[in-house]
Amino acid sequence: MKRDLELIRAILLRVEETPVGQSLSSPLTVDGYGNDVIAEHVRLLWEAGYIEAQVFLSPNQFGITQVEYYDITRLLNDGHEFVANAKNPAIWKKTVNLLSDKGGDVGLTVVKGIAMRMAFEHFGLV
């Protein structure tokens, strides 16, 4: 599976919209994505420290550990930082375009940094 930045952004935006005291439980629906792909992206965000969640893993019929169920309770600070810079469609478009122009496949920390740079430029702070 390849990490999908649009799906990551969609999940984080959905978590941000969730009222305090409520959670998002599987299966989360995002147009154009299957439940398994969404679940694995939730797992990536949990492992990266972008969300607080309970992620229940179990082996599939081939013995490969997969997400069986998840319950997302809130964004963590890195998740908030990502959302703050990626929420604005113009900033996100510039971020994705720069990544595409330069080759595109970088770590999530770099994506967050590029989005921050695009936000600075967007608001005339550089």
# chains A, B, ... in the order shown; residues from 1 in each chain; ligands from 1
call {"tool": "residues_around", "arguments": {"residues": "region 3-7 of chain A", "least_positions_apart": "2", "cutoff": "10 Å", "atoms": "only C-alpha atoms", "output": "list in words"}}
result
Met1, Arg9, Ala10, Ile11, Leu12, Leu13, Val30, Asp31, Gly32, Tyr33, Val37, Ile38, Glu40, His41, Val42, Leu44, Trp92, Val96, Asp105, Gly107, Leu108 and Val111 of chain A
call {"tool": "residues_around", "arguments": {"residues": "Phe82 (chain A)", "least_positions_apart": "2", "cutoff": "9 Å", "atoms": "only C-alpha atoms", "output": "PyMOL selection string"}}
result
chain A and resi 9+12+50+77-80+84-87+111-113+115-116
call {"tool": "select_by_dssp", "arguments": {"residues": "chain A", "states": "strand (DSSP E)", "output": "list in words"}}
result
Leu24, Ser25, Ile51, Glu52, Ala53, Gln54, Val55, Phe56, Leu57, Ser58, Pro59, Thr65, Gln66, Val67, Glu68, Tyr69, Tyr70, Asp71, Ile72, Thr73, Arg74 and Leu75 of chain A
call {"tool": "select_by_dssp", "arguments": {"residues": "chain A", "states": "alpha helix (DSSP H)", "output": "PDB file with N, CA and C atoms, in the first residue's frame"}}
result
ATOM      1  N   LEU A   5      -1.606  11.073   0.612  1.00  0.00           N
ATOM      2  CA  LEU A   5      -1.685  12.329   1.351  1.00  0.00           C
ATOM      3  C   LEU A   5      -3.095  12.917   1.369  1.00  0.00           C
ATOM      4  N   GLU A   6      -3.842  12.729   0.297  1.00  0.00           N
ATOM      5  CA  GLU A   6      -5.218  13.243   0.273  1.00  0.00           C
ATOM      6  C   GLU A   6      -6.077  12.523   1.311  1.00  0.00           C
ATOM      7  N   LEU A   7      -5.861  11.226   1.449  1.00  0.00           N
ATOM      8  CA  LEU A   7      -6.609  10.461   2.451  1.00  0.00           C
ATOM      9  C   LEU A   7      -6.180  10.864   3.861  1.00  0.00           C
ATOM     10  N   ILE A   8      -4.890  11.048   4.066  1.00  0.00           N
ATOM     11  CA  ILE A   8      -4.403  11.493   5.375  1.00  0.00           C
ATOM     12  C   ILE A   8      -5.039  12.826   5.745  1.00  0.00           C
ATOM     13  N   ARG A   9      -5.057  13.755   4.811  1.00  0.00           N
ATOM     14  CA  ARG A   9      -5.666  15.062   5.060  1.00  0.00           C
ATOM     15  C   ARG A   9      -7.151  14.907   5.383  1.00  0.00           C
ATOM     16  N   ALA A  10      -7.856  14.080   4.612  1.00  0.00           N
ATOM     17  CA  ALA A  10      -9.294  13.880   4.829  1.00  0.00           C
ATOM     18  C   ALA A  10      -9.578  13.301   6.216  1.00  0.00           C
ATOM     19  N   ILE A  11      -8.785  12.329   6.628  1.00  0.00           N
ATOM     20  CA  ILE A  11      -8.977  11.719   7.952  1.00  0.00           C
ATOM     21  C   ILE A  11      -8.734  12.756   9.045  1.00  0.00           C
ATOM     22  N   LEU A  12      -7.639  13.490   8.938  1.00  0.00           N
ATOM     23  CA  LEU A  12      -7.316  14.480   9.968  1.00  0.00           C
ATOM     24  C   LEU A  12      -8.366  15.593  10.036  1.00  0.00           C
ATOM     25  N   LEU A  13      -8.862  16.026   8.894  1.00  0.00           N
ATOM     26  CA  LEU A  13      -9.916  17.042   8.892  1.00  0.00           C
ATOM     27  C   LEU A  13     -11.181  16.513   9.558  1.00  0.00           C
ATOM     28  N   ARG A  14     -11.492  15.254   9.316  1.00  0.00           N
ATOM     29  CA  ARG A  14     -12.670  14.641   9.934  1.00  0.00           C
ATOM     30  C   ARG A  14     -12.504  14.552  11.448  1.00  0.00           C
ATOM     31  N   VAL A  15     -11.313  14.191  11.892  1.00  0.00           N
ATOM     32  CA  VAL A  15     -11.053  14.111  13.334  1.00  0.00           C
ATOM     33  C   VAL A  15     -11.189  15.502  13.954  1.00  0.00           C
ATOM     34  N   GLU A  16     -10.659  16.511  13.280  1.00  0.00           N
ATOM     35  CA  GLU A  16     -10.746  17.872  13.804  1.00  0.00           C
ATOM     36  C   GLU A  16     -12.204  18.320  13.970  1.00  0.00           C
ATOM     37  N   GLU A  17     -13.065  17.896  13.068  1.00  0.00           N
ATOM     38  CA  GLU A  17     -14.480  18.284  13.111  1.00  0.00           C
ATOM     39  C   GLU A  17     -15.271  17.566  14.202  1.00  0.00           C
ATOM     40  N   ASN A  35     -12.370   0.403   2.984  1.00  0.00           N
ATOM     41  CA  ASN A  35     -12.206   0.334   4.441  1.00  0.00           C
ATOM     42  C   ASN A  35     -10.806  -0.088   4.865  1.00  0.00           C
ATOM     43  N   ASP A  36     -10.205  -1.047   4.164  1.00  0.00           N
ATOM     44  CA  ASP A  36      -8.866  -1.525   4.532  1.00  0.00           C
ATOM     45  C   ASP A  36      -7.813  -0.435   4.353  1.00  0.00           C
ATOM     46  N   VAL A  37      -7.922   0.322   3.270  1.00  0.00           N
ATOM     47  CA  VAL A  37      -6.958   1.396   3.012  1.00  0.00           C
ATOM     48  C   VAL A  37      -7.125   2.506   4.047  1.00  0.00           C
ATOM     49  N   ILE A  38      -8.353   2.870   4.366  1.00  0.00           N
ATOM     50  CA  ILE A  38      -8.608   3.884   5.388  1.00  0.00           C
ATOM     51  C   ILE A  38      -8.055   3.417   6.728  1.00  0.00           C
ATOM     52  N   ALA A  39      -8.322   2.180   7.089  1.00  0.00           N
ATOM     53  CA  ALA A  39      -7.849   1.634   8.366  1.00  0.00           C
ATOM     54  C   ALA A  39      -6.328   1.678   8.456  1.00  0.00           C
ATOM     55  N   GLU A  40      -5.639   1.336   7.385  1.00  0.00           N
ATOM     56  CA  GLU A  40      -4.180   1.368   7.402  1.00  0.00           C
ATOM     57  C   GLU A  40      -3.646   2.793   7.506  1.00  0.00           C
ATOM     58  N   HIS A  41      -4.354   3.762   6.931  1.00  0.00           N
ATOM     59  CA  HIS A  41      -3.937   5.159   7.064  1.00  0.00           C
ATOM     60  C   HIS A  41      -4.205   5.673   8.480  1.00  0.00           C
ATOM     61  N   VAL A  42      -5.277   5.213   9.100  1.00  0.00           N
ATOM     62  CA  VAL A  42      -5.514   5.535  10.514  1.00  0.00           C
ATOM     63  C   VAL A  42      -4.360   4.980  11.342  1.00  0.00           C
ATOM     64  N   ARG A  43      -3.954   3.774  11.039  1.00  0.00           N
ATOM     65  CA  ARG A  43      -2.825   3.158  11.751  1.00  0.00           C
ATOM     66  C   ARG A  43      -1.544   3.983  11.575  1.00  0.00           C
ATOM     67  N   LEU A  44      -1.278   4.438  10.353  1.00  0.00           N
ATOM     68  CA  LEU A  44      -0.098   5.264  10.091  1.00  0.00           C
ATOM     69  C   LEU A  44      -0.137   6.559  10.913  1.00  0.00           C
ATOM     70  N   LEU A  45      -1.301   7.207  10.953  1.00  0.00           N
ATOM     71  CA  LEU A  45      -1.436   8.459  11.704  1.00  0.00           C
ATOM     72  C   LEU A  45      -1.271   8.221  13.202  1.00  0.00           C
ATOM     73  N   TRP A  46      -1.766   7.102  13.681  1.00  0.00           N
ATOM     74  CA  TRP A  46      -1.623   6.729  15.089  1.00  0.00           C
ATOM     75  C   TRP A  46      -0.151   6.463  15.405  1.00  0.00           C
ATOM     76  N   GLU A  47       0.519   5.687  14.543  1.00  0.00           N
ATOM     77  CA  GLU A  47       1.930   5.373  14.753  1.00  0.00           C
ATOM     78  C   GLU A  47       2.802   6.633  14.688  1.00  0.00           C
ATOM     79  N   ASN A  77      -0.915  17.086  19.041  1.00  0.00           N
ATOM     80  CA  ASN A  77      -0.358  18.359  18.601  1.00  0.00           C
ATOM     81  C   ASN A  77       0.149  18.313  17.158  1.00  0.00           C
ATOM     82  N   ASP A  78       0.878  17.263  16.773  1.00  0.00           N
ATOM     83  CA  ASP A  78       1.361  17.177  15.386  1.00  0.00           C
ATOM     84  C   ASP A  78       0.207  17.108  14.395  1.00  0.00           C
ATOM     85  N   GLY A  79      -0.873  16.458  14.776  1.00  0.00           N
ATOM     86  CA  GLY A  79      -2.055  16.417  13.925  1.00  0.00           C
ATOM     87  C   GLY A  79      -2.676  17.794  13.769  1.00  0.00           C
ATOM     88  N   HIS A  80      -2.750  18.539  14.863  1.00  0.00           N
ATOM     89  CA  HIS A  80      -3.279  19.906  14.798  1.00  0.00           C
ATOM     90  C   HIS A  80      -2.399  20.787  13.920  1.00  0.00           C
ATOM     91  N   GLU A  81      -1.084  20.645  14.049  1.00  0.00           N
ATOM     92  CA  GLU A  81      -0.155  21.437  13.236  1.00  0.00           C
ATOM     93  C   GLU A  81      -0.350  21.135  11.751  1.00  0.00           C
ATOM     94  N   PHE A  82      -0.491  19.859  11.425  1.00  0.00           N
ATOM     95  CA  PHE A  82      -0.702  19.471  10.029  1.00  0.00           C
ATOM     96  C   PHE A  82      -2.002  20.068   9.514  1.00  0.00           C
ATOM     97  N   VAL A  83      -3.080  19.905  10.268  1.00  0.00           N
ATOM     98  CA  VAL A  83      -4.393  20.397   9.847  1.00  0.00           C
ATOM     99  C   VAL A  83      -4.387  21.916   9.706  1.00  0.00           C
ATOM    100  N   ALA A  84      -3.741  22.613  10.632  1.00  0.00           N
ATOM    101  CA  ALA A  84      -3.717  24.072  10.575  1.00  0.00           C
ATOM    102  C   ALA A  84      -3.142  24.572   9.255  1.00  0.00           C
ATOM    103  N   ASN A  85      -2.158  23.863   8.729  1.00  0.00           N
ATOM    104  CA  ASN A  85      -1.532  24.284   7.474  1.00  0.00           C
ATOM    105  C   ASN A  85      -2.158  23.652   6.236  1.00  0.00           C
ATOM    106  N   ALA A  86      -2.796  22.516   6.381  1.00  0.00           N
ATOM    107  CA  ALA A  86      -3.352  21.810   5.221  1.00  0.00           C
ATOM    108  C   ALA A  86      -4.847  22.051   5.032  1.00  0.00           C
ATOM    109  N   PRO A  89      -7.656  25.186   1.325  1.00  0.00           N
ATOM    110  CA  PRO A  89      -7.493  24.524   0.022  1.00  0.00           C
ATOM    111  C   PRO A  89      -6.379  25.126  -0.845  1.00  0.00           C
ATOM    112  N   ALA A  90      -6.195  26.430  -0.795  1.00  0.00           N
ATOM    113  CA  ALA A  90      -5.151  27.061  -1.607  1.00  0.00           C
ATOM    114  C   ALA A  90      -3.764  26.639  -1.130  1.00  0.00           C
ATOM    115  N   ILE A  91      -3.572  26.607   0.178  1.00  0.00           N
ATOM    116  CA  ILE A  91      -2.284  26.191   0.737  1.00  0.00           C
ATOM    117  C   ILE A  91      -2.031  24.720   0.433  1.00  0.00           C
ATOM    118  N   TRP A  92      -3.065  23.892   0.584  1.00  0.00           N
ATOM    119  CA  TRP A  92      -2.910  22.465   0.308  1.00  0.00           C
ATOM    120  C   TRP A  92      -2.566  22.225  -1.154  1.00  0.00           C
ATOM    121  N   LYS A  93      -3.238  22.957  -2.060  1.00  0.00           N
ATOM    122  CA  LYS A  93      -2.968  22.793  -3.491  1.00  0.00           C
ATOM    123  C   LYS A  93      -1.517  23.149  -3.802  1.00  0.00           C
ATOM    124  N   LYS A  94      -1.009  24.238  -3.233  1.00  0.00           N
ATOM    125  CA  LYS A  94       0.386  24.621  -3.445  1.00  0.00           C
ATOM    126  C   LYS A  94       1.331  23.552  -2.898  1.00  0.00           C
ATOM    127  N   THR A  95       0.978  22.995  -1.754  1.00  0.00           N
ATOM    128  CA  THR A  95       1.799  21.941  -1.142  1.00  0.00           C
ATOM    129  C   THR A  95       1.870  20.725  -2.054  1.00  0.00           C
ATOM    130  N   VAL A  96       0.722  20.253  -2.501  1.00  0.00           N
ATOM    131  CA  VAL A  96       0.660  19.062  -3.356  1.00  0.00           C
ATOM    132  C   VAL A  96       1.351  19.323  -4.691  1.00  0.00           C
ATOM    133  N   ASN A  97       1.159  20.512  -5.244  1.00  0.00           N
ATOM    134  CA  ASN A  97       1.808  20.846  -6.521  1.00  0.00           C
ATOM    135  C   ASN A  97       3.327  20.858  -6.386  1.00  0.00           C
ATOM    136  N   LEU A  98       3.843  21.433  -5.305  1.00  0.00           N
ATOM    137  CA  LEU A  98       5.291  21.454  -5.094  1.00  0.00           C
ATOM    138  C   LEU A  98       5.830  20.034  -4.958  1.00  0.00           C
ATOM    139  N   LEU A  99       5.125  19.209  -4.193  1.00  0.00           N
ATOM    140  CA  LEU A  99       5.550  17.818  -4.037  1.00  0.00           C
ATOM    141  C   LEU A  99       5.561  17.100  -5.380  1.00  0.00           C
ATOM    142  N   SER A 100       4.531  17.329  -6.176  1.00  0.00           N
ATOM    143  CA  SER A 100       4.440  16.695  -7.488  1.00  0.00           C
ATOM    144  C   SER A 100       5.565  17.165  -8.408  1.00  0.00           C
ATOM    145  N   ASP A 101       5.827  18.469  -8.392  1.00  0.00           N
ATOM    146  CA  ASP A 101       6.882  19.030  -9.241  1.00  0.00           C
ATOM    147  C   ASP A 101       8.265  18.507  -8.876  1.00  0.00           C
ATOM    148  N   LYS A 102       8.486  18.233  -7.592  1.00  0.00           N
ATOM    149  CA  LYS A 102       9.802  17.819  -7.115  1.00  0.00           C
ATOM    150  C   LYS A 102       9.975  16.306  -7.021  1.00  0.00           C
ATOM    151  N   LEU A 108       6.085  12.252   6.002  1.00  0.00           N
ATOM    152  CA  LEU A 108       4.997  13.094   6.489  1.00  0.00           C
ATOM    153  C   LEU A 108       5.527  14.351   7.186  1.00  0.00           C
ATOM    154  N   THR A 109       6.660  14.246   7.849  1.00  0.00           N
ATOM    155  CA  THR A 109       7.257  15.412   8.496  1.00  0.00           C
ATOM    156  C   THR A 109       7.644  16.456   7.459  1.00  0.00           C
ATOM    157  N   VAL A 110       8.169  16.013   6.324  1.00  0.00           N
ATOM    158  CA  VAL A 110       8.531  16.933   5.250  1.00  0.00           C
ATOM    159  C   VAL A 110       7.278  17.567   4.657  1.00  0.00           C
ATOM    160  N   VAL A 111       6.236  16.775   4.457  1.00  0.00           N
ATOM    161  CA  VAL A 111       4.972  17.313   3.932  1.00  0.00           C
ATOM    162  C   VAL A 111       4.440  18.392   4.872  1.00  0.00           C
ATOM    163  N   LYS A 112       4.478  18.108   6.161  1.00  0.00           N
ATOM    164  CA  LYS A 112       4.022  19.091   7.154  1.00  0.00           C
ATOM    165  C   LYS A 112       4.855  20.365   7.055  1.00  0.00           C
ATOM    166  N   GLY A 113       6.162  20.222   6.865  1.00  0.00           N
ATOM    167  CA  GLY A 113       7.042  21.376   6.736  1.00  0.00           C
ATOM    168  C   GLY A 113       6.770  22.188   5.476  1.00  0.00           C
ATOM    169  N   ILE A 114       6.516  21.495   4.373  1.00  0.00           N
ATOM    170  CA  ILE A 114       6.199  22.188   3.119  1.00  0.00           C
ATOM    171  C   ILE A 114       4.873  22.938   3.254  1.00  0.00           C
ATOM    172  N   ALA A 115       3.890  22.293   3.867  1.00  0.00           N
ATOM    173  CA  ALA A 115       2.604  22.962   4.078  1.00  0.00           C
ATOM    174  C   ALA A 115       2.786  24.201   4.954  1.00  0.00           C
ATOM    175  N   MET A 116       3.665  24.119   5.950  1.00  0.00           N
ATOM    176  CA  MET A 116       3.923  25.272   6.799  1.00  0.00           C
ATOM    177  C   MET A 116       4.575  26.397   5.975  1.00  0.00           C
ATOM    178  N   ARG A 117       5.519  26.020   5.137  1.00  0.00           N
ATOM    179  CA  ARG A 117       6.165  27.021   4.274  1.00  0.00           C
ATOM    180  C   ARG A 117       5.153  27.670   3.339  1.00  0.00           C
ATOM    181  N   MET A 118       4.260  26.872   2.765  1.00  0.00           N
ATOM    182  CA  MET A 118       3.237  27.411   1.873  1.00  0.00           C
ATOM    183  C   MET A 118       2.292  28.348   2.637  1.00  0.00           C
ATOM    184  N   ALA A 119       2.015  28.017   3.887  1.00  0.00           N
ATOM    185  CA  ALA A 119       1.167  28.880   4.721  1.00  0.00           C
ATOM    186  C   ALA A 119       1.862  30.212   4.986  1.00  0.00           C
ATOM    187  N   PHE A 120       3.165  30.171   5.291  1.00  0.00           N
ATOM    188  CA  PHE A 120       3.922  31.410   5.493  1.00  0.00           C
ATOM    189  C   PHE A 120       3.855  32.278   4.244  1.00  0.00           C
ATOM    190  N   GLU A 121       4.081  31.647   3.090  1.00  0.00           N
ATOM    191  CA  GLU A 121       4.033  32.396   1.822  1.00  0.00           C
ATOM    192  C   GLU A 121       2.632  32.939   1.545  1.00  0.00           C
ATOM    193  N   HIS A 122       1.633  32.112   1.801  1.00  0.00           N
ATOM    194  CA  HIS A 122       0.246  32.500   1.559  1.00  0.00           C
ATOM    195  C   HIS A 122      -0.129  33.770   2.338  1.00  0.00           C
TER     196      HIS A 122
END
call {"tool": "closest_residue", "arguments": {"among": "A:Gly21, A:Gly124, A:Pro27, A:Gly34", "to": "Asp71 (chain A)", "atoms": "only C-alpha atoms"}}
result
A:Pro27
call {"tool": "atom_distance", "arguments": {"atom1": "CA of Ala48 (chain A)", "atom2": "CA of Arg74 (chain A)"}}
result
13.8 Å
call {"tool": "closest_residue", "arguments": {"among": "A:Thr65, A:Thr73, A:Thr18, A:Asn88", "to": "Ala53 (chain A)", "atoms": "only C-alpha atoms"}}
result
A:Thr73
